[in-house]
file run_10.csv (CSV, C-alpha atoms)
chain,number,residue,atom,x,y,z
D,1,MET,CA,99.6,129.9,-47.1
D,2,ILE,CA,98.4,128.7,-43.7
D,3,LEU,CA,100.0,129.7,-40.4
D,4,GLY,CA,102.6,131.7,-42.2
D,5,LEU,CA,103.6,128.5,-44.0
D,6,GLU,CA,105.4,129.1,-47.3
D,7,PHE,CA,106.8,126.3,-49.4
D,8,PRO,CA,110.0,127.1,-51.2
D,9,PRO,CA,109.8,126.8,-55.0
D,10,ILE,CA,111.2,123.7,-56.5
D,11,SER,CA,114.2,125.6,-57.9
D,12,HIS,CA,115.3,126.6,-54.4
D,13,VAL,CA,115.2,123.0,-53.2
D,14,VAL,CA,117.5,121.3,-55.7
D,15,GLU,CA,119.5,124.1,-57.3
D,16,TRP,CA,122.8,125.1,-55.8
D,17,PRO,CA,125.0,128.1,-56.6
D,18,THR,CA,128.2,127.5,-58.5
D,19,LEU,CA,131.3,127.4,-56.3
D,20,PHE,CA,134.0,127.6,-59.0
D,21,GLY,CA,134.4,126.9,-62.7
D,22,ASP,CA,132.0,127.9,-65.4
D,23,GLY,CA,129.9,126.5,-68.2
D,24,PRO,CA,129.5,122.7,-68.3
D,25,PHE,CA,132.4,122.3,-65.9
D,26,ALA,CA,130.9,124.4,-63.1
D,27,VAL,CA,131.3,122.8,-59.7
D,28,ASN,CA,128.6,123.1,-57.1
D,29,LYS,CA,127.6,121.2,-53.9
D,30,VAL,CA,126.2,118.3,-55.8
D,31,VAL,CA,129.3,117.7,-57.9
D,32,ILE,CA,131.5,117.9,-54.7
D,33,LEU,CA,129.2,115.4,-53.0
D,34,MET,CA,129.5,113.1,-56.1
D,35,TRP,CA,133.3,113.2,-55.8
D,36,VAL,CA,133.2,112.5,-52.1
D,37,SER,CA,130.9,109.6,-52.5
D,38,ALA,CA,133.1,108.1,-55.3
D,39,ALA,CA,136.0,108.5,-52.9
D,40,ILE,CA,134.1,106.9,-50.0
D,41,ALA,CA,132.9,103.9,-52.2
D,42,PHE,CA,136.5,103.5,-53.5
D,43,THR,CA,138.0,103.7,-50.0
D,44,VAL,CA,135.7,101.2,-48.4
D,45,MET,CA,136.2,98.6,-51.2
D,46,PHE,CA,140.0,99.2,-51.3
D,47,LEU,CA,140.5,98.9,-47.6
D,48,GLY,CA,138.1,96.0,-47.4
D,49,GLY,CA,139.8,94.2,-50.2
D,50,ARG,CA,143.4,94.7,-48.9
D,51,THR,CA,143.1,92.9,-45.6
D,52,ARG,CA,142.3,89.2,-46.1
D,53,ALA,CA,141.6,88.0,-42.6
D,54,LEU,CA,139.8,84.7,-42.3
D,55,VAL,CA,137.4,86.2,-39.8
D,56,PRO,CA,136.5,89.6,-41.3
D,57,THR,CA,136.3,92.6,-39.0
D,58,GLY,CA,135.5,96.3,-39.6
D,59,VAL,CA,135.8,97.6,-43.1
D,60,GLN,CA,136.4,94.1,-44.5
D,61,ASN,CA,133.1,92.9,-43.1
D,62,VAL,CA,131.2,95.7,-44.8
D,63,ALA,CA,133.0,95.1,-48.2
D,64,GLU,CA,132.5,91.3,-48.0
D,65,SER,CA,128.8,91.5,-47.1
D,66,ALA,CA,128.2,94.0,-49.9
D,67,LEU,CA,130.0,91.6,-52.3
D,68,ASP,CA,128.0,88.6,-51.1
D,69,PHE,CA,124.8,90.6,-51.4
D,70,ILE,CA,125.6,91.5,-55.1
D,71,GLU,CA,126.9,88.1,-56.0
D,72,ASP,CA,124.2,85.9,-54.4
D,73,GLY,CA,121.3,88.2,-54.4
D,74,ILE,CA,121.7,89.8,-57.8
D,75,VAL,CA,124.2,88.2,-60.2
D,76,LEU,CA,123.5,84.5,-59.5
D,77,GLN,CA,119.7,85.0,-59.4
D,78,THR,CA,119.4,87.0,-62.6
D,79,ILE,CA,122.3,86.3,-64.9
D,80,GLY,CA,123.6,83.0,-63.6
D,81,PRO,CA,127.1,81.6,-63.1
D,82,ASP,CA,128.4,83.0,-66.4
D,83,GLY,CA,127.6,86.5,-65.3
D,84,LEU,CA,130.1,86.5,-62.4
D,85,LYS,CA,132.5,88.6,-64.5
D,86,TYR,CA,130.1,91.5,-64.2
D,87,THR,CA,130.1,91.4,-60.4
D,88,PRO,CA,132.8,94.1,-60.1
D,89,PHE,CA,130.8,96.5,-62.3
D,90,LEU,CA,127.5,95.9,-60.5
D,91,LEU,CA,129.2,96.1,-57.1
D,92,THR,CA,130.7,99.5,-58.1
D,93,LEU,CA,127.4,100.7,-59.4
D,94,PHE,CA,125.6,99.6,-56.2
D,95,THR,CA,128.0,101.2,-53.7
D,96,PHE,CA,128.2,104.4,-55.7
D,97,VAL,CA,124.5,104.8,-56.1
D,98,LEU,CA,123.9,103.9,-52.5
D,99,THR,CA,126.5,106.4,-51.2
D,100,CYS,CA,125.0,109.1,-53.5
D,101,ASN,CA,121.5,108.5,-52.2
D,102,VAL,CA,122.4,108.4,-48.6
D,103,TRP,CA,123.6,112.1,-48.7
D,104,GLY,CA,119.9,113.0,-48.6
D,105,LEU,CA,119.7,111.8,-44.9
D,106,ILE,CA,123.0,113.2,-43.6
D,107,PRO,CA,122.2,116.2,-41.4
D,108,GLY,CA,123.9,119.4,-42.7
D,109,VAL,CA,124.3,118.0,-46.2
D,110,GLN,CA,120.8,116.8,-47.0
D,111,MET,CA,121.0,116.7,-50.8
D,112,PRO,CA,120.7,113.3,-52.6
D,113,VAL,CA,123.1,113.6,-55.5
D,114,ASN,CA,120.7,111.6,-57.6
D,115,ALA,CA,117.9,114.2,-57.2
D,116,ARG,CA,119.5,115.9,-60.2
D,117,ILE,CA,119.0,113.9,-63.4
D,118,ALA,CA,122.6,114.3,-64.7
D,119,LEU,CA,124.2,111.5,-62.7
D,120,PRO,CA,121.3,108.9,-63.1
D,121,ALA,CA,121.2,109.7,-66.8
D,122,PHE,CA,124.9,109.2,-67.2
D,123,MET,CA,124.9,105.9,-65.3
D,124,ALA,CA,121.9,104.7,-67.4
D,125,ILE,CA,123.9,105.5,-70.6
D,126,ILE,CA,126.8,103.4,-69.3
D,127,VAL,CA,124.5,100.5,-68.6
D,128,TYR,CA,122.8,101.0,-72.0
D,129,LEU,CA,126.1,100.9,-73.8
D,130,LEU,CA,127.2,97.9,-71.7
D,131,TYR,CA,124.2,95.7,-72.3
D,132,HIS,CA,124.2,96.3,-76.1
D,133,TYR,CA,127.9,95.6,-76.2
D,134,VAL,CA,127.3,92.3,-74.3
D,135,GLY,CA,124.4,91.4,-76.6
D,136,ILE,CA,126.5,92.0,-79.7
D,137,ARG,CA,129.5,90.3,-78.2
D,138,SER,CA,127.6,87.1,-77.3
D,139,GLN,CA,125.3,86.8,-80.4
D,140,GLY,CA,126.9,88.9,-83.1
D,141,PRO,CA,125.3,92.1,-84.4
D,142,ILE,CA,122.8,90.3,-86.7
D,143,GLY,CA,121.9,87.6,-84.2
D,144,TYR,CA,121.4,90.2,-81.5
D,145,MET,CA,119.1,92.4,-83.7
D,146,LYS,CA,117.2,89.3,-84.7
D,147,SER,CA,116.7,88.2,-81.1
D,148,ILE,CA,115.4,91.7,-80.2
D,149,MET,CA,113.1,92.1,-83.2
D,150,PHE,CA,111.8,88.6,-83.7
D,151,MET,CA,111.4,86.7,-80.4
D,152,PRO,CA,110.9,83.0,-81.0
D,153,GLY,CA,107.6,81.2,-80.3
D,154,VAL,CA,105.3,83.9,-81.6
D,155,PRO,CA,102.8,83.7,-84.5
D,156,LYS,CA,104.2,85.5,-87.6
D,157,VAL,CA,101.4,88.1,-87.8
D,158,MET,CA,102.2,89.3,-84.2
D,159,TYR,CA,105.6,90.6,-85.4
D,160,LEU,CA,103.8,93.6,-86.9
D,161,LEU,CA,102.9,94.6,-83.4
D,162,LEU,CA,105.7,93.1,-81.4
D,163,THR,CA,108.8,94.3,-83.4
D,164,PRO,CA,108.2,98.1,-83.0
D,165,ILE,CA,107.3,97.6,-79.3
D,166,GLU,CA,110.5,95.6,-78.7
D,167,LEU,CA,112.7,98.1,-80.6
D,168,VAL,CA,111.3,101.0,-78.6
D,169,THR,CA,111.6,99.1,-75.3
D,170,LYS,CA,115.2,98.1,-75.9
D,171,PHE,CA,116.6,101.3,-77.4
D,172,ILE,CA,114.5,104.1,-75.8
D,173,SER,CA,112.3,103.1,-73.0
D,174,GLN,CA,114.7,100.9,-70.9
D,175,PRO,CA,117.5,103.5,-70.4
D,176,LEU,CA,115.0,106.4,-70.1
D,177,SER,CA,112.9,104.6,-67.4
D,178,MET,CA,116.1,103.5,-65.6
D,179,ALA,CA,117.3,107.1,-65.3
D,180,VAL,CA,113.9,108.6,-64.5
D,181,ARG,CA,113.1,106.0,-61.9
D,182,LEU,CA,116.2,106.7,-59.8
D,183,PHE,CA,116.0,110.5,-60.3
D,184,ALA,CA,112.3,110.8,-59.6
D,185,ASN,CA,112.4,108.6,-56.5
D,186,MET,CA,115.2,110.6,-54.9
D,187,LEU,CA,113.6,113.9,-55.9
D,188,ALA,CA,110.2,112.8,-54.5
D,189,GLY,CA,111.9,111.7,-51.2
D,190,HIS,CA,113.8,114.9,-51.0
D,191,LEU,CA,110.6,117.0,-51.6
D,192,LEU,CA,108.7,115.0,-49.0
D,193,LEU,CA,111.4,115.6,-46.3
D,194,VAL,CA,111.5,119.3,-47.3
D,195,SER,CA,107.7,119.6,-47.0
D,196,PHE,CA,107.5,118.0,-43.6
D,197,ALA,CA,110.5,120.0,-42.3
D,198,VAL,CA,108.8,123.3,-43.5
D,199,ILE,CA,105.5,122.2,-41.8
D,200,THR,CA,107.3,121.3,-38.6
D,201,ALA,CA,109.2,124.6,-38.5
D,202,ALA,CA,106.0,126.6,-39.1
D,203,VAL,CA,104.1,124.7,-36.4
D,204,PHE,CA,106.9,125.2,-34.0
D,205,LYS,CA,107.1,128.9,-34.6
D,206,VAL,CA,103.5,129.9,-33.9
D,207,GLY,CA,103.1,128.8,-30.3
D,208,ALA,CA,99.4,128.0,-30.2
D,209,THR,CA,100.0,125.1,-32.6
D,210,LEU,CA,102.9,123.8,-30.4
D,211,VAL,CA,100.5,121.0,-29.4
D,212,ILE,CA,100.7,119.3,-32.8
D,213,PHE,CA,104.5,119.8,-33.0
D,214,PRO,CA,105.4,116.4,-31.6
D,215,PHE,CA,103.3,114.6,-34.1
D,216,SER,CA,104.6,116.6,-37.0
D,217,PHE,CA,108.2,116.1,-35.8
D,218,GLY,CA,107.6,112.4,-35.2
D,219,LEU,CA,106.3,112.0,-38.7
D,220,LEU,CA,109.4,113.8,-40.0
D,221,VAL,CA,111.7,111.3,-38.1
D,222,PHE,CA,109.6,108.4,-39.4
D,223,LEU,CA,109.8,109.6,-43.0
D,224,SER,CA,113.6,110.1,-42.6
D,225,MET,CA,113.9,106.4,-41.7
D,226,PHE,CA,111.6,105.6,-44.6
D,227,GLU,CA,114.0,107.5,-46.9
D,228,VAL,CA,116.9,105.3,-45.7
D,229,LEU,CA,114.9,102.3,-46.9
D,230,VAL,CA,114.1,104.1,-50.2
D,231,ALA,CA,117.8,105.0,-50.7
D,232,PHE,CA,118.8,101.4,-50.3
D,233,LEU,CA,115.9,100.0,-52.3
D,234,GLN,CA,116.6,102.3,-55.3
D,235,ALA,CA,120.3,101.4,-55.3
D,236,TYR,CA,119.2,97.8,-55.3
D,237,ILE,CA,116.7,98.2,-58.0
D,238,PHE,CA,119.1,100.2,-60.2
D,239,THR,CA,121.7,97.4,-59.9
D,240,ILE,CA,119.3,94.5,-60.4
D,241,LEU,CA,117.8,96.2,-63.5
D,242,ALA,CA,121.3,96.6,-64.9
D,243,ALA,CA,121.8,92.9,-64.2
D,244,VAL,CA,118.5,91.9,-65.8
D,245,TYR,CA,119.2,93.9,-68.9
D,246,ILE,CA,122.7,92.3,-69.2
D,247,ALA,CA,121.1,88.9,-68.7
D,248,SER,CA,118.5,89.4,-71.4
D,249,ALA,CA,121.2,90.4,-73.8
D,250,MET,CA,123.3,87.4,-72.9
D,251,HIS,CA,120.5,84.8,-72.9
D,252,PRO,CA,118.0,85.9,-75.5
D,253,GLU,CA,115.6,82.9,-75.1
D,254,HIS,CA,114.5,84.0,-71.6
L,1,MET,CA,81.1,135.1,-61.7
L,2,LEU,CA,82.1,136.8,-65.0
L,3,GLN,CA,82.8,140.0,-63.0
L,4,LEU,CA,85.0,138.0,-60.7
L,5,LEU,CA,86.9,136.5,-63.7
L,6,ALA,CA,87.2,140.0,-65.2
L,7,GLN,CA,88.8,141.4,-62.0
L,8,GLN,CA,91.7,139.0,-62.0
L,9,ASP,CA,95.2,139.9,-63.0
L,10,PRO,CA,96.4,138.9,-66.4
L,11,GLY,CA,98.2,135.6,-66.1
L,12,GLU,CA,96.6,134.6,-62.8
L,13,LEU,CA,94.1,132.3,-64.5
L,14,GLU,CA,96.9,130.7,-66.5
L,15,ALA,CA,99.0,130.1,-63.4
L,16,GLY,CA,96.0,128.6,-61.6
L,17,LEU,CA,95.1,126.3,-64.5
L,18,THR,CA,98.8,125.2,-64.7
L,19,ALA,CA,98.7,124.2,-61.1
L,20,VAL,CA,95.4,122.3,-61.7
L,21,GLY,CA,96.9,120.6,-64.7
L,22,ARG,CA,99.9,119.5,-62.7
L,23,GLY,CA,97.7,118.0,-60.1
L,24,ILE,CA,95.6,116.2,-62.8
L,25,VAL,CA,98.8,114.8,-64.5
L,26,TYR,CA,100.3,113.4,-61.4
L,27,GLY,CA,96.9,112.1,-60.0
L,28,GLY,CA,96.0,110.5,-63.3
L,29,ALA,CA,99.5,108.9,-63.7
L,30,ALA,CA,99.3,107.4,-60.2
L,31,ILE,CA,96.0,105.5,-60.6
L,32,GLY,CA,97.2,102.7,-62.8
L,33,PRO,CA,100.5,102.1,-61.1
L,34,GLY,CA,98.7,102.2,-57.7
L,35,ILE,CA,96.5,99.3,-58.7
L,36,GLY,CA,99.3,97.5,-60.4
L,37,ILE,CA,101.7,97.6,-57.4
L,38,GLY,CA,98.8,96.4,-55.3
L,39,ILE,CA,98.3,93.4,-57.6
L,40,VAL,CA,102.1,92.7,-57.7
L,41,VAL,CA,102.6,92.8,-53.9
L,42,GLY,CA,99.4,91.0,-53.2
L,43,ASN,CA,100.3,88.1,-55.4
L,44,ALA,CA,103.9,88.1,-54.1
L,45,ILE,CA,102.5,87.8,-50.5
L,46,THR,CA,100.3,84.9,-51.5
L,47,ALA,CA,103.2,83.2,-53.1
L,48,MET,CA,105.4,83.7,-50.1
L,49,ALA,CA,102.7,82.4,-47.8
L,50,ARG,CA,102.2,79.3,-49.8
L,51,GLN,CA,105.9,78.5,-50.3
L,52,PRO,CA,108.0,80.2,-47.6
L,53,GLU,CA,111.1,78.5,-48.9
L,54,ALA,CA,110.8,80.4,-52.2
L,55,ALA,CA,110.5,83.8,-50.4
L,56,GLY,CA,113.9,85.0,-51.5
L,57,MET,CA,113.3,84.5,-55.2
L,58,VAL,CA,109.7,85.8,-55.0
L,59,ARG,CA,111.0,89.0,-53.2
L,60,THR,CA,113.6,89.7,-55.9
L,61,THR,CA,111.0,89.3,-58.7
L,62,MET,CA,108.5,91.4,-56.7
L,63,PHE,CA,110.9,94.3,-56.5
L,64,LEU,CA,111.5,94.0,-60.2
L,65,GLY,CA,107.7,94.1,-60.9
L,66,ILE,CA,107.3,97.0,-58.5
L,67,ALA,CA,110.1,98.9,-60.3
L,68,PHE,CA,108.6,98.4,-63.8
L,69,THR,CA,105.1,99.4,-62.6
L,70,GLU,CA,106.3,102.3,-60.6
L,71,ALA,CA,108.1,103.8,-63.6
L,72,LEU,CA,104.8,104.9,-65.1
L,73,ALA,CA,103.8,106.9,-62.0
L,74,LEU,CA,107.3,108.5,-61.9
L,75,PHE,CA,107.0,109.6,-65.5
L,76,GLY,CA,103.8,111.4,-64.4
L,77,PHE,CA,105.7,112.9,-61.5
L,78,VAL,CA,108.5,114.3,-63.6
L,79,LEU,CA,106.0,115.5,-66.3
L,80,SER,CA,104.1,117.4,-63.7
L,81,PHE,CA,107.3,119.4,-63.0
L,82,ILE,CA,108.0,119.9,-66.7
L,83,ILE,CA,104.5,121.4,-67.4
L,84,SER,CA,104.8,125.2,-67.2
L,85,GLY,CA,102.2,127.8,-68.0
call {"tool": "encode", "arguments": {"input": "run_10.csv", "output": "structure tokens"}}
result
Amino acid sequence: MILGLEFPPISHVVEWPTLFGDGPFAVNKVVILMWVSAAIAFTVMFLGGRTRALVPTGVQNVAESALDFIEDGIVLQTIGPDGLKYTPFLLTLFTFVLTCNVWGLIPGVQMPVNARIALPAFMAIIVYLLYHYVGIRSQGPIGYMKSIMFMPGVPKVMYLLLTPIELVTKFISQPLSMAVRLFANMLAGHLLLVSFAVITAAVFKVGATLVIFPFSFGLLVFLSMFEVLVAFLQAYIFTILAAVYIASAMHPEH
Amino acid sequence: MLQLLAQQDPGELEAGLTAVGRGIVYGGAAIGPGIGIGIVVGNAITAMARQPEAAGMVRTTMFLGIAFTEALALFGFVLSFIISG
């Protein structure tokens, strides 16, 4: 404790009291934010898709640039033309994750929904089920297991080492790391902003340290802008990883 | 020194060691990914400088590489919260 500075414990930063409901269906601020962001993502895409002007304006512009970004930047570069039927899923994933992340920057709300592991874990499970389904659908159950366990072009002795690694990677480590990556990035960003806000407030209060207040505050503003970048980047990475996993299930030789 | 240790409250040493352990876990987990992300980004910059027309493809692959490398550090970050005295 310096200058009357006291950091709130981690449980005070991300835990919110229950508003109504109980047990597993308890509703708190995070759940409400999740509903709101689902509604926002739906509304933007619905309104953007309803008007079909040749020269897009307003909401349609946003929706079309998001669609172009997913289609050209993610689907065509990772899966290829035969992955275009997964564009709606990936677009939904991207807009929803992005809206959930951005709540960490909105003044007065300031709680990224993905800073609790429930939502990232659930989305990772959906992606996990989807890419195994795609793999089984495109190669058959036996062919899919064979392509996971015995990758071609490797000396036979190496299978002793490679098969367990590949099995653990595909069935445990990929979904786990996907959920933890999104969750930990958002939690770390949230903690960073909380720490600097606490420091700024403590420096402002004392008076003699008011000299360093502008620097501390400036850094807080800078970090907030950095968090905008992180929120976007994590939504992008989550989507592109989903696309890469689908691609590796569809085209096993890559 | 021994007297100092003897004067402490019960549980204080444990709490302190837990805090030290958390620091070591995250610090240790950040070493490898730090080096790894440096290598990934450095090589991506080299590639972009040599072939600016391939910059888009290189950038996509670079973010993928960063994401895979970064996951290790994030496991350490989460683990440091899980550790309790």
call {"tool": "closest_atom_pairs", "arguments": {"input": "run_10.csv", "of": "chain D", "to": "chain L", "cutoff": "9 Å", "atoms": "all atoms listed in the file", "output": "CSV"}}
result
residue,atom,partner,partner_atom,distance
D:Ile10,CA,L:Phe81,CA,8.7
D:Gly73,CA,L:Thr60,CA,8.0
D:Ile74,CA,L:Thr60,CA,8.3
D:Gln77,CA,L:Met57,CA,7.7
D:Ser177,CA,L:Ala71,CA,6.2
D:Met178,CA,L:Ala71,CA,8.3
D:Val180,CA,L:Phe75,CA,7.0
D:Arg181,CA,L:Ala71,CA,5.7
D:Ala184,CA,L:Leu74,CA,6.0
D:Asn185,CA,L:Leu74,CA,7.4
D:Ala188,CA,L:Phe77,CA,8.3
D:Leu233,CA,L:Phe63,CA,8.7
D:Gln234,CA,L:Ala67,CA,8.9
D:Ile237,CA,L:Ala67,CA,7.0
D:Ile240,CA,L:Leu64,CA,7.8
D:Leu241,CA,L:Leu64,CA,7.4
call {"tool": "residues_around", "arguments": {"input": "run_10.csv", "residues": "Ile83 of chain L", "least_positions_apart": "5", "cutoff": "10 Å", "atoms": "only C-alpha atoms", "output": "count of residues only"}}
result
6
call {"tool": "atom_distance", "arguments": {"input": "run_10.csv", "atom1": "atom CA of Asn43 of chain L", "atom2": "atom CA of Ala55 of chain L"}}
result
12.1 Å
call {"tool": "atom_distance", "arguments": {"input": "run_10.csv", "atom1": "atom CA of Glu15 of chain D", "atom2": "atom CA of Arg116 of chain D"}}
result
8.7 Å
call {"tool": "residues_around", "arguments": {"input": "run_10.csv", "residues": "Phe69 of chain D", "least_positions_apart": "2", "cutoff": "12 Å", "atoms": "all atoms listed in the file", "output": "JSON, numbers by chain"}}
result
{"D": [61, 62, 63, 64, 65, 66, 67, 71, 72, 73, 74, 75, 76, 77, 87, 90, 91, 94, 95, 236, 239, 240]}
call {"tool": "atom_distance", "arguments": {"input": "run_10.csv", "atom1": "atom CA of Ala30 of chain L", "atom2": "atom CA of Leu187 of chain D"}}
result
16.3 Å
call {"tool": "closest_residue", "arguments": {"input": "run_10.csv", "among": "D:Pro112, D:Pro214, D:Pro120, D:Pro252", "to": "Pro152 of chain D", "atoms": "only C-alpha atoms"}}
result
D:Pro252
call {"tool": "residues_around", "arguments": {"input": "run_10.csv", "residues": "Ala247 of chain D", "least_positions_apart": "5", "cutoff": "8 Å", "atoms": "only C-alpha atoms", "output": "PyMOL selection string"}}
result
chain D and resi 78-79+83
call {"tool": "write_last_selection", "arguments": {"input": "run_10.csv", "atoms": "C-alpha atoms", "output": "PDB file, in the frame of the given file"}}
result
ATOM      1  CA  THR D  78     119.400  87.000 -62.600  1.00  0.00           C
ATOM      2  CA  ILE D  79     122.300  86.300 -64.900  1.00  0.00           C
ATOM      3  CA  GLY D  83     127.600  86.500 -65.300  1.00  0.00           C
TER       4      GLY D  83
END
call {"tool": "residues_around", "arguments": {"input": "run_10.csv", "residues": "Arg59 of chain L", "least_positions_apart": "5", "cutoff": "10 Å", "atoms": "only C-alpha atoms", "output": "MDAnalysis selection string"}}
result
chainID L and resid 41 44:45 47:48 54 64:65
call {"tool": "closest_residue", "arguments": {"input": "run_10.csv", "among": "L:Ile24, L:Ile82, L:Arg50, L:Thr69", "to": "Ile37 of chain L", "atoms": "all atoms listed in the file"}}
result
L:Thr69
call {"tool": "closest_residue", "arguments": {"input": "run_10.csv", "among": "D:Glu166, D:Ala242, D:Met34, D:Thr92", "to": "Phe46 of chain D", "atoms": "all atoms listed in the file"}}
result
D:Thr92
call {"tool": "build_atoms", "arguments": {"input": "run_10.csv", "residues": "segment 57-79 of chain L", "atoms": "N, CA and C atoms", "output": "tab-separated table (two decimals), in the coordinates of the input"}}
result
chain	number	residue	atom	x	y	z
L	57	MET	N	113.43	84.29	-53.76
L	57	MET	CA	113.30	84.50	-55.20
L	57	MET	C	112.04	85.33	-55.49
L	58	VAL	N	110.96	85.07	-54.75
L	58	VAL	CA	109.70	85.80	-55.00
L	58	VAL	C	109.98	87.31	-54.67
L	59	ARG	N	110.77	87.58	-53.60
L	59	ARG	CA	111.00	89.00	-53.20
L	59	ARG	C	111.78	89.72	-54.30
L	60	THR	N	112.80	89.07	-54.86
L	60	THR	CA	113.60	89.70	-55.90
L	60	THR	C	112.66	90.04	-57.11
L	61	THR	N	111.85	89.06	-57.52
L	61	THR	CA	111.00	89.30	-58.70
L	61	THR	C	109.92	90.35	-58.34
L	62	MET	N	109.48	90.37	-57.06
L	62	MET	CA	108.50	91.40	-56.70
L	62	MET	C	109.05	92.78	-56.81
L	63	PHE	N	110.31	92.98	-56.37
L	63	PHE	CA	110.90	94.30	-56.50
L	63	PHE	C	111.05	94.70	-57.94
L	64	LEU	N	111.39	93.74	-58.78
L	64	LEU	CA	111.50	94.00	-60.20
L	64	LEU	C	110.13	94.47	-60.75
L	65	GLY	N	109.09	93.72	-60.40
L	65	GLY	CA	107.70	94.10	-60.90
L	65	GLY	C	107.31	95.42	-60.37
L	66	ILE	N	107.62	95.73	-59.10
L	66	ILE	CA	107.30	97.00	-58.50
L	66	ILE	C	108.02	98.12	-59.33
L	67	ALA	N	109.31	97.87	-59.63
L	67	ALA	CA	110.10	98.90	-60.30
L	67	ALA	C	109.53	99.19	-61.70
L	68	PHE	N	109.13	98.13	-62.42
L	68	PHE	CA	108.60	98.40	-63.80
L	68	PHE	C	107.27	99.10	-63.70
L	69	THR	N	106.43	98.74	-62.72
L	69	THR	CA	105.10	99.40	-62.60
L	69	THR	C	105.22	100.82	-62.17
L	70	GLU	N	106.14	101.02	-61.21
L	70	GLU	CA	106.30	102.30	-60.60
L	70	GLU	C	106.80	103.36	-61.58
L	71	ALA	N	107.55	102.90	-62.60
L	71	ALA	CA	108.10	103.80	-63.60
L	71	ALA	C	107.07	104.73	-64.20
L	72	LEU	N	105.87	104.15	-64.43
L	72	LEU	CA	104.80	104.90	-65.10
L	72	LEU	C	104.38	106.11	-64.20
L	73	ALA	N	104.23	105.83	-62.89
L	73	ALA	CA	103.80	106.90	-62.00
L	73	ALA	C	104.93	107.97	-61.93
L	74	LEU	N	106.21	107.52	-62.00
L	74	LEU	CA	107.30	108.50	-61.90
L	74	LEU	C	107.41	109.34	-63.14
L	75	PHE	N	107.05	108.76	-64.30
L	75	PHE	CA	107.00	109.60	-65.50
L	75	PHE	C	106.00	110.72	-65.31
L	76	GLY	N	104.85	110.39	-64.71
L	76	GLY	CA	103.80	111.40	-64.40
L	76	GLY	C	104.36	112.46	-63.47
L	77	PHE	N	105.10	112.00	-62.46
L	77	PHE	CA	105.70	112.90	-61.50
L	77	PHE	C	106.63	113.90	-62.10
L	78	VAL	N	107.50	113.38	-62.98
L	78	VAL	CA	108.50	114.30	-63.60
L	78	VAL	C	107.73	115.19	-64.60
L	79	LEU	N	106.74	114.65	-65.31
L	79	LEU	CA	106.00	115.50	-66.30
L	79	LEU	C	105.28	116.61	-65.61
